[in-house]
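> Structure file target.tsv, TSV, C-alpha atoms, is pasted below:
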chain	number	residue	atom	x	y	z
J	274	MET	CA	80.77	122.59	139.08
J	275	LYS	CA	82.91	122.94	136.01
J	276	SER	CA	85.30	120.21	137.18
J	277	ILE	CA	82.37	117.91	137.94
J	278	GLY	CA	81.04	118.55	134.45
J	279	VAL	CA	84.37	117.61	132.89
J	280	ILE	CA	84.58	114.44	134.98
J	281	GLY	CA	81.03	113.56	134.03
J	282	GLU	CA	81.81	114.11	130.36
J	283	LEU	CA	84.86	111.86	130.63
J	284	PHE	CA	82.79	109.18	132.34
J	285	ARG	CA	80.07	109.32	129.69
J	286	ASN	CA	82.65	108.91	126.93
J	287	ARG	CA	84.78	106.35	128.77
J	288	THR	CA	84.31	103.69	126.07
J	289	VAL	CA	85.52	105.96	123.28
J	290	LEU	CA	88.42	107.21	125.42
J	291	LEU	CA	89.48	103.65	126.25
J	292	MET	CA	89.46	102.83	122.53
J	293	PHE	CA	91.63	105.88	121.87
J	294	LEU	CA	94.07	105.08	124.69
J	295	PRO	CA	96.32	102.70	122.67
J	296	VAL	CA	96.48	105.28	119.86
J	297	ALA	CA	97.40	108.01	122.36
J	298	VAL	CA	100.17	105.85	123.82
J	299	LEU	CA	101.59	105.13	120.35
J	300	LEU	CA	101.42	108.82	119.40
J	301	PHE	CA	103.26	109.76	122.57
J	302	LEU	CA	105.95	107.11	122.17
J	303	PHE	CA	106.65	107.56	118.45
J	304	ASN	CA	105.66	111.18	117.73
J	305	TYR	CA	106.07	113.27	120.88
J	306	LEU	CA	108.73	111.54	122.97
J	307	PRO	CA	111.31	111.60	120.10
J	308	LEU	CA	110.98	115.41	119.98
J	309	PHE	CA	113.40	115.45	122.91
J	310	GLY	CA	116.07	114.27	120.47
J	311	LEU	CA	115.95	117.59	118.63
J	312	VAL	CA	118.49	118.92	121.11
J	313	ILE	CA	121.10	116.80	119.27
J	314	ALA	CA	120.93	119.34	116.43
J	315	PHE	CA	122.46	121.91	118.81
J	316	LYS	CA	125.06	119.64	120.44
J	317	ASP	CA	128.43	118.17	119.62
J	318	PHE	CA	127.04	114.68	120.08
J	319	ASP	CA	129.28	112.09	121.70
J	320	PHE	CA	128.07	108.49	122.01
J	321	GLN	CA	129.93	107.98	125.29
J	322	LYS	CA	128.44	111.09	126.90
J	323	GLY	CA	124.92	110.56	125.55
J	324	ILE	CA	122.36	113.20	124.63
J	325	LEU	CA	122.28	115.00	127.96
J	326	GLY	CA	126.03	114.78	128.60
J	327	SER	CA	127.19	115.95	125.18
J	328	ASP	CA	128.52	119.50	124.97
J	329	TRP	CA	126.52	122.27	123.34
J	330	MET	CA	127.86	123.46	119.98
J	331	GLN	CA	129.96	126.62	119.97
J	332	PRO	CA	128.46	128.48	118.20
J	333	LEU	CA	125.07	126.94	118.85
J	334	LEU	CA	123.99	126.66	115.19
J	335	ASN	CA	127.27	125.20	113.96
J	336	ASN	CA	125.58	121.94	112.87
J	337	PHE	CA	123.42	123.93	110.45
J	338	ASP	CA	126.40	125.59	108.75
J	339	TYR	CA	127.24	122.46	106.79
J	340	LEU	CA	123.77	122.43	105.23
J	341	PHE	CA	123.99	126.02	104.01
J	342	SER	CA	127.68	126.38	103.21
J	343	SER	CA	128.04	123.34	100.96
J	344	GLU	CA	127.10	123.57	97.28
J	345	THR	CA	126.14	119.89	97.36
J	346	ALA	CA	123.77	120.53	100.26
J	347	PHE	CA	122.15	123.45	98.41
J	348	ARG	CA	121.69	121.19	95.39
J	349	ALA	CA	120.03	118.56	97.57
J	350	VAL	CA	117.61	121.11	99.04
J	351	ARG	CA	116.79	122.45	95.57
J	352	ASN	CA	116.19	118.98	94.15
J	353	THR	CA	114.03	117.98	97.11
J	354	ILE	CA	111.70	120.95	96.66
J	355	LEU	CA	111.53	120.84	92.86
J	356	LEU	CA	111.08	117.06	92.56
J	357	ASN	CA	108.44	116.92	95.29
J	358	ALA	CA	106.59	119.85	93.73
J	359	LEU	CA	106.68	117.98	90.42
J	360	PHE	CA	105.43	114.79	92.08
J	361	ILE	CA	102.57	116.65	93.78
J	362	THR	CA	101.47	118.45	90.61
J	363	VAL	CA	101.64	115.44	88.29
J	364	GLY	CA	100.19	113.16	90.96
J	365	LEU	CA	97.19	115.43	91.46
J	366	VAL	CA	96.43	115.41	87.72
J	367	PHE	CA	96.84	111.66	87.35
J	368	GLU	CA	94.99	110.63	90.51
J	369	VAL	CA	92.03	112.96	90.02
J	370	GLY	CA	91.87	112.16	86.31
J	371	PHE	CA	91.99	108.41	86.90
J	372	ALA	CA	89.34	108.66	89.62
J	373	LEU	CA	87.08	110.54	87.19
J	374	LEU	CA	87.63	107.88	84.52
J	375	LEU	CA	86.88	105.04	86.92
J	376	ASN	CA	83.76	106.84	88.09
J	377	GLU	CA	82.51	106.90	84.49
J	378	ILE	CA	82.86	103.13	84.03
J	379	ARG	CA	79.46	101.49	84.34
J	380	ASN	CA	80.55	97.83	84.18
J	381	LYS	CA	81.32	97.08	87.83
J	382	TYR	CA	83.44	94.00	87.05
J	383	PHE	CA	85.70	95.85	84.63
J	384	LYS	CA	85.85	98.75	87.07
J	385	ARG	CA	87.02	96.48	89.89
J	386	PHE	CA	89.53	94.78	87.61
J	387	ALA	CA	91.00	98.11	86.44
J	388	GLN	CA	91.18	99.46	89.97
J	389	SER	CA	92.84	96.29	91.32
J	390	LEU	CA	95.32	96.21	88.44
J	391	THR	CA	96.47	99.78	89.08
J	392	PHE	CA	96.46	99.30	92.87
J	393	LEU	CA	98.74	96.23	92.75
J	394	PRO	CA	102.08	98.06	92.09
J	395	PHE	CA	101.70	99.91	95.40
J	396	PHE	CA	102.57	96.68	97.24
J	397	ILE	CA	105.80	96.13	95.30
J	398	SER	CA	108.90	97.14	97.26
J	399	TRP	CA	110.97	100.04	95.96
J	400	ILE	CA	113.96	97.69	96.02
J	401	VAL	CA	112.19	95.42	93.53
J	402	VAL	CA	111.14	98.45	91.46
J	403	GLY	CA	114.77	99.60	91.43
J	404	VAL	CA	115.85	96.21	90.09
J	405	PHE	CA	113.18	96.40	87.38
J	406	ALA	CA	114.33	99.91	86.47
J	407	TYR	CA	117.96	98.84	86.26
J	408	ASN	CA	117.08	95.97	83.92
J	409	LEU	CA	115.13	98.39	81.74
J	410	LEU	CA	117.65	101.24	81.73
J	411	ASN	CA	121.01	99.47	81.88
J	412	PHE	CA	123.28	100.66	79.07
J	413	ASP	CA	124.72	97.25	78.15
J	414	ASN	CA	121.81	94.84	78.57
J	415	GLY	CA	118.80	97.03	79.37
J	416	LEU	CA	115.56	96.20	77.58
J	417	ILE	CA	115.06	99.77	76.30
J	418	ASN	CA	118.55	99.94	74.79
J	419	ARG	CA	118.13	96.52	73.24
J	420	VAL	CA	114.97	97.69	71.52
J	421	LEU	CA	116.68	100.91	70.37
J	422	THR	CA	119.63	98.93	69.02
J	423	ALA	CA	117.30	96.50	67.22
J	424	PHE	CA	115.74	99.44	65.38
J	425	GLY	CA	119.12	100.89	64.48
J	426	ALA	CA	119.12	103.72	67.04
J	427	ASN	CA	121.96	104.57	69.40
J	428	PRO	CA	121.66	103.27	72.99
J	429	ILE	CA	121.15	105.78	75.79
J	430	ASP	CA	123.32	105.79	78.90
J	431	PHE	CA	120.53	106.59	81.36
J	432	TYR	CA	122.77	106.34	84.43
J	433	SER	CA	125.03	109.06	83.04
J	434	THR	CA	122.33	111.45	81.75
J	435	ALA	CA	121.04	113.44	84.72
J	436	SER	CA	118.50	115.46	82.69
J	437	LEU	CA	116.39	112.35	81.99
J	438	TRP	CA	115.87	111.34	85.59
J	439	PRO	CA	113.14	113.77	86.70
J	440	LEU	CA	110.98	112.25	83.95
J	441	ILE	CA	112.03	108.69	84.85
J	442	LEU	CA	111.21	109.24	88.53
J	443	VAL	CA	107.84	110.82	87.74
J	444	VAL	CA	106.86	107.94	85.46
J	445	THR	CA	108.00	105.35	88.00
J	446	ILE	CA	106.22	106.87	90.98
J	447	ARG	CA	103.04	107.39	88.96
J	448	TRP	CA	103.07	103.74	87.90
J	449	LYS	CA	103.52	102.67	91.52
J	450	VAL	CA	101.19	104.90	93.53
J	451	THR	CA	98.50	106.24	91.17
J	452	GLY	CA	96.11	103.38	91.98
J	453	TYR	CA	96.57	103.91	95.71
J	454	GLY	CA	96.23	107.68	95.47
J	455	THR	CA	93.00	107.35	93.53
J	456	ILE	CA	91.14	105.59	96.34
J	457	ILE	CA	90.24	108.68	98.37
J	458	TYR	CA	89.14	110.66	95.31
J	459	LEU	CA	87.05	107.74	94.08
J	460	ALA	CA	85.46	107.37	97.52
J	461	ALA	CA	84.57	111.07	97.46
J	462	LEU	CA	82.98	110.67	94.01
J	463	THR	CA	80.90	107.67	95.04
J	464	SER	CA	79.37	109.75	97.83
J	465	VAL	CA	77.99	112.32	95.37
J	466	ASP	CA	74.21	112.12	95.03
J	467	ASN	CA	73.21	110.65	91.64
J	468	SER	CA	70.36	113.13	91.42
J	469	TYR	CA	72.88	115.81	90.42
J	470	TYR	CA	73.96	113.79	87.40
J	471	GLU	CA	70.37	112.84	86.53
J	472	ALA	CA	69.27	116.47	86.61
J	473	ALA	CA	72.26	117.48	84.49
J	474	ALA	CA	71.51	114.73	81.96
J	475	ILE	CA	67.89	115.90	81.69
J	476	ASP	CA	69.16	119.43	81.00
J	477	GLY	CA	71.28	118.02	78.17
J	478	ALA	CA	74.70	118.06	79.84
J	479	SER	CA	77.26	115.74	78.29
J	480	ARG	CA	79.42	113.38	80.37
J	481	TRP	CA	82.33	115.83	80.06
J	482	GLN	CA	80.15	118.69	81.28
J	483	GLN	CA	78.93	116.58	84.19
J	484	MET	CA	82.53	115.88	85.20
J	485	ARG	CA	83.50	119.53	84.80
J	486	TYR	CA	80.58	121.11	86.63
J	487	ILE	CA	79.64	118.40	89.15
J	488	SER	CA	82.42	115.87	89.80
J	489	ILE	CA	85.40	118.23	89.94
J	490	PRO	CA	83.69	120.86	92.16
J	491	MET	CA	82.62	118.06	94.51
J	492	LEU	CA	86.24	116.90	94.70
J	493	ARG	CA	87.62	120.35	95.52
J	494	PRO	CA	87.61	119.99	99.34
J	495	THR	CA	89.35	116.61	99.09
J	496	ILE	CA	91.88	117.97	96.59
J	497	ILE	CA	92.72	120.93	98.84
J	498	ILE	CA	93.17	118.82	101.98
J	499	LEU	CA	95.33	116.16	100.31
J	500	THR	CA	97.42	118.84	98.60
J	501	LEU	CA	97.99	120.59	101.93
J	502	LEU	CA	99.14	117.33	103.48
J	503	ALA	CA	101.46	116.70	100.53
J	504	VAL	CA	102.91	120.22	100.79
J	505	GLY	CA	103.67	119.51	104.44
J	506	LYS	CA	105.97	116.68	103.34
J	507	ILE	CA	107.60	118.55	100.46
J	508	MET	CA	110.94	118.70	102.30
J	509	ASN	CA	110.91	114.96	103.01
J	510	ALA	CA	111.87	112.89	100.00
J	511	ASP	CA	111.07	109.17	99.86
J	512	PHE	CA	114.51	107.81	100.79
J	513	SER	CA	113.65	104.23	99.81
J	514	MET	CA	112.57	105.34	96.33
J	515	PHE	CA	115.58	107.56	95.63
J	516	TYR	CA	118.15	105.15	97.02
J	517	ALA	CA	116.63	102.14	95.26
J	518	MET	CA	116.35	103.95	91.92
J	519	VAL	CA	119.53	106.05	92.02
J	520	GLY	CA	121.83	104.38	94.55
J	521	ASP	CA	125.39	105.71	94.31
J	522	ALA	CA	125.20	106.74	90.64
J	523	SER	CA	126.96	110.05	91.21
J	524	LEU	CA	126.70	111.17	87.56
J	525	ILE	CA	122.94	111.72	87.97
J	526	PHE	CA	123.16	113.39	91.40
J	527	PRO	CA	122.70	116.89	89.88
J	528	THR	CA	118.98	116.15	89.40
J	529	THR	CA	118.34	113.26	91.82
J	530	ASP	CA	120.30	113.98	94.99
J	531	VAL	CA	117.84	114.98	97.74
J	532	ILE	CA	118.23	115.90	101.41
J	533	ASP	CA	117.58	112.37	102.66
J	534	THR	CA	120.20	110.71	100.43
J	535	PHE	CA	122.66	113.56	100.98
J	536	VAL	CA	122.38	113.26	104.76
J	537	TYR	CA	122.65	109.47	104.55
J	538	ARG	CA	125.88	109.65	102.55
J	539	SER	CA	127.30	112.35	104.84
J	540	LEU	CA	126.36	110.37	107.95
J	541	ARG	CA	127.85	107.20	106.48
J	542	LYS	CA	131.16	108.95	105.79
J	543	SER	CA	131.52	111.23	108.81
J	544	GLY	CA	129.23	109.76	111.45
J	545	ASP	CA	128.13	113.29	112.39
J	546	ILE	CA	124.85	112.66	114.21
J	547	GLY	CA	124.43	116.36	115.01
J	548	MET	CA	124.49	117.36	111.34
J	549	ALA	CA	121.93	114.69	110.46
J	550	SER	CA	119.67	115.83	113.29
J	551	ALA	CA	120.03	119.46	112.13
J	552	ALA	CA	118.91	118.43	108.64
J	553	GLY	CA	115.84	116.70	110.05
J	554	PHE	CA	115.04	119.70	112.23
J	555	MET	CA	115.33	122.04	109.24
J	556	GLN	CA	113.04	119.80	107.16
J	557	SER	CA	110.39	119.77	109.88
J	558	LEU	CA	110.57	123.52	110.45
J	559	ILE	CA	110.21	124.37	106.76
J	560	ALA	CA	107.38	121.83	106.39
J	561	PHE	CA	105.58	123.44	109.35
J	562	VAL	CA	105.85	126.90	107.79
J	563	LEU	CA	104.62	125.57	104.42
J	564	VAL	CA	101.61	123.86	105.98
J	565	ILE	CA	100.62	126.99	107.91
J	566	GLY	CA	101.03	129.16	104.81
J	567	SER	CA	99.21	126.73	102.51
J	568	ASN	CA	96.38	126.35	104.99
J	569	TYR	CA	96.05	130.16	105.22
J	570	ILE	CA	95.73	130.34	101.42
J	571	ALA	CA	93.22	127.48	101.44
J	572	ARG	CA	91.10	129.30	104.02
J	573	LYS	CA	91.03	132.33	101.72
J	574	ILE	CA	89.89	130.17	98.79
J	575	ASP	CA	87.42	127.95	100.64
J	576	ARG	CA	87.10	128.23	104.42
J	577	ASP	CA	85.45	124.81	104.78
J	578	SER	CA	88.25	123.05	102.90
J	579	ALA	CA	91.09	124.13	105.18
J	580	ILE	CA	92.58	121.66	107.65
J	581	PHE	CA	92.31	124.07	110.60
For this file, produce the structure as structure tokens.


Amino acid sequence: MKSIGVIGELFRNRTVLLMFLPVAVLLFLFNYLPLFGLVIAFKDFDFQKGILGSDWMQPLLNNFDYLFSSETAFRAVRNTILLNALFITVGLVFEVGFALLLNEIRNKYFKRFAQSLTFLPFFISWIVVGVFAYNLLNFDNGLINRVLTAFGANPIDFYSTASLWPLILVVTIRWKVTGYGTIIYLAALTSVDNSYYEAAAIDGASRWQQMRYISIPMLRPTIIILTLLAVGKIMNADFSMFYAMVGDASLIFPTTDVIDTFVYRSLRKSGDIGMASAAGFMQSLIAFVLVIGSNYIARKIDRDSAIF
């Protein structure tokens, strides 16, 4: 009887299941099938022998030694965590704050114009952004140094001053993705019943008080979920952004070299596929632990806001 019930349930939902079938196939092909490749992290990979024919590493975790024994690798791991934590924190403030500001705009035409204007940079390639940044920051002909020189100040060699680059990267990524990141928060705000604001206005609440006691609490579940998802990717830096902005400027590597660029340079020089696979495996494992831990904390704060 139970099996008949399951078959009947599948038959009743056949339309929805057929719609989901292409998605399931894509998930299997691009998310689950590649998991087989994780065995490369534990093998001395040889292109002629293939994945199955390659010998197992002796010792088994030898591919991971390079990531933990090298000072450069430790620096890349440190920069990946610190920079991504900075991006998440600053991004949360900017995206929530901008969503609150847009929600307060009553002129719908100006609101649409402002939202479109801030959303537009998201579609610009990081390669193009990197070219813009180079023309702004170049020591000899950069726009910023030309302005500084015109006012009698000394030019700044940005591509030799590593301490400036966390700020430069934060400003750049905020300019590019703030408009896109605001969409979900703004959608959550538009779903809030206006009667809350009307009742607060009748009680004499100012616009700031309405944002503080109505808008922000209503955004809390969305903030928690998006932050959890961002924490899950904290070990994965945006390779296109870092490589387009930094490239091979080794003088600023102390603050900009991340796991993705470090592995890329190592793979380009040595061709060690096993080491690269070990780095990806380590990133995924740490991200998994962080998501589980962050979700546990979120459940303690607000059970309904946790992902699972």

> Show which residues sit within 10 Å of J:Gly403, as a PyMOL selection string. Count only C-alpha atoms, and ignore same-chain residues fewer than 3 positions away.

chain J and resi 398-400+406-409+445+513-520

> From the set J:Ile487, J:Val450, J:Ser343, J:Val363, which residue has the shortest atom-to-atom contact distance to J:Asp466, counting only C-alpha atoms?

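Distance minimum relative to J:Asp466 lands on J:Ile487.
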
> Take atom CA of J:Val369 and atom CA of J:Leu499 and report the distance between them in Å, one decimal.

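We find that atom CA of J:Val369 and atom CA of J:Leu499 lie 11.3 Å from each other.
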
> I'd like the box whose edges run along x, y and z of the file and which contains every listed atom of stretch 553-571 of chain J, padded by 3 Å per side; could you state its centre and edge lengths in Å, one decimal, as lines of an AutoDock Vina configuration file?


center_x = 104.5
center_y = 123.5
center_z = 106.8
size_x = 28.6
size_y = 19.6
size_z = 16.8

> Quick check, in Å to one decimal: how far apart do atom CA of J:Ile498 and atom CA of J:Ile354 lie?

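Going from atom CA of J:Ile498 over to atom CA of J:Ile354 covers 19.4 Å.
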
> Hey, what's within 10 Å of J:Gln331 if we count only C-alpha atoms and toss same-chain stuff fewer than 4 positions away? As a PyMOL selection string, please?

chain J and resi 315-317+335-336

> Now that the selection is made, can you save its residues with C-alpha atoms as a PDB file, in the coordinates of the input?


ATOM      1  CA  PHE J 315     122.460 121.910 118.810  1.00  0.00           C
ATOM      2  CA  LYS J 316     125.060 119.640 120.440  1.00  0.00           C
ATOM      3  CA  ASP J 317     128.430 118.170 119.620  1.00  0.00           C
ATOM      4  CA  ASN J 335     127.270 125.200 113.960  1.00  0.00           C
ATOM      5  CA  ASN J 336     125.580 121.940 112.870  1.00  0.00           C
TER       6      ASN J 336
END

> Would you work out the distance separating atom CA of J:Ala349 from atom CA of J:Ile532, expressed in Å to one decimal?

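Straight-line distance from atom CA of J:Ala349 to atom CA of J:Ile532 works out to 5.0 Å.
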
> For J:Leu501, which residue among J:Phe554, J:Phe581, J:Phe526, J:Tyr458 is the nearest when counting only C-alpha atoms?

J:Phe581

> Skipping near chain neighbours, those fewer than 5 positions away, what residues fall within 10 Å of J:Thr463 using only C-alpha atoms, listed as a count of residues only?

4

> Using only C-alpha atoms, which protein or nucleic acid residues come within 8 Å of J:Leu356? Drop anything in the same chain fewer than 4 positions from it, and give the result as a list in words.

Asn352, Phe360 and Pro439 of chain J

> Which one is closest to J:Leu462: J:Ile570, J:Met491, J:Val443, J:Leu502? Count only C-alpha atoms.

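Looking at the shortest contact to J:Leu462, the residue is J:Met491.
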
> Counting all atoms listed in the file, select every polymer residue within 12 Å of (115.0, 97.0, 77.8) as defined in the file's coordinates, and provide the selection as a PDB file with C-alpha atoms, in the frame of the given file.


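As a result, result05.pdb now contains:
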ATOM      1  CA  PHE J 405     113.180  96.400  87.380  1.00  0.00           C
ATOM      2  CA  ALA J 406     114.330  99.910  86.470  1.00  0.00           C
ATOM      3  CA  TYR J 407     117.960  98.840  86.260  1.00  0.00           C
ATOM      4  CA  ASN J 408     117.080  95.970  83.920  1.00  0.00           C
ATOM      5  CA  LEU J 409     115.130  98.390  81.740  1.00  0.00           C
ATOM      6  CA  LEU J 410     117.650 101.240  81.730  1.00  0.00           C
ATOM      7  CA  ASN J 411     121.010  99.470  81.880  1.00  0.00           C
ATOM      8  CA  PHE J 412     123.280 100.660  79.070  1.00  0.00           C
ATOM      9  CA  ASP J 413     124.720  97.250  78.150  1.00  0.00           C
ATOM     10  CA  ASN J 414     121.810  94.840  78.570  1.00  0.00           C
ATOM     11  CA  GLY J 415     118.800  97.030  79.370  1.00  0.00           C
ATOM     12  CA  LEU J 416     115.560  96.200  77.580  1.00  0.00           C
ATOM     13  CA  ILE J 417     115.060  99.770  76.300  1.00  0.00           C
ATOM     14  CA  ASN J 418     118.550  99.940  74.790  1.00  0.00           C
ATOM     15  CA  ARG J 419     118.130  96.520  73.240  1.00  0.00           C
ATOM     16  CA  VAL J 420     114.970  97.690  71.520  1.00  0.00           C
ATOM     17  CA  LEU J 421     116.680 100.910  70.370  1.00  0.00           C
ATOM     18  CA  THR J 422     119.630  98.930  69.020  1.00  0.00           C
ATOM     19  CA  ALA J 423     117.300  96.500  67.220  1.00  0.00           C
ATOM     20  CA  PRO J 428     121.660 103.270  72.990  1.00  0.00           C
ATOM     21  CA  ILE J 429     121.150 105.780  75.790  1.00  0.00           C
ATOM     22  CA  PHE J 431     120.530 106.590  81.360  1.00  0.00           C
TER      23      PHE J 431
END

> Could you build a table of the residues in stretch 398-502 of chain J lying no more than 12 Å from stretch 381-386 of chain J, giving for each the nearest pair of atoms and their separation in Å rounded to one decimal place, using all atoms listed in the file, ordered by chain and ascending residue number, as a tab-separated table?


residue	atom	partner	partner_atom	distance
J:Gly452	CA	J:Arg385	CA	11.6
J:Ile456	CA	J:Arg385	CA	11.9
J:Leu459	CA	J:Lys384	CA	11.5

> Can I get the selection written as a compact mmCIF listing (two decimals), in the frame of the given file, with C-alpha atoms?


# COMPACT_ATOMS: atom_id res chain seq x y z
CA GLY J 452 96.11 103.38 91.98
CA ILE J 456 91.14 105.59 96.34
CA LEU J 459 87.05 107.74 94.08

> What's the 9 Å shell around stretch 392-396 of chain J, counting all atoms listed in the file, without same-chain residues fewer than 3 positions away, as a ChimeraX atom specification?

/J:387-389,448-456

> Which residue out of J:Ile361, J:Asp319, J:Ile497, J:Ile324 has the minimum interatomic distance to J:Tyr569 when only C-alpha atoms are used?

J:Ile497

> Ranking J:Ala478, J:Leu359, J:Val562, J:Phe535 by minimum distance to J:Ala549 and counting only C-alpha atoms, which one comes first?

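That would be J:Phe535, the residue with the smallest distance to J:Ala549.
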
> Between J:Ala314, J:Glu377, J:Val504, J:Phe512, which has the minimum distance to J:Ala551 (counting all atoms listed in the file)?

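Among J:Ala314, J:Glu377, J:Val504, J:Phe512, it is J:Ala314 that comes nearest to J:Ala551.
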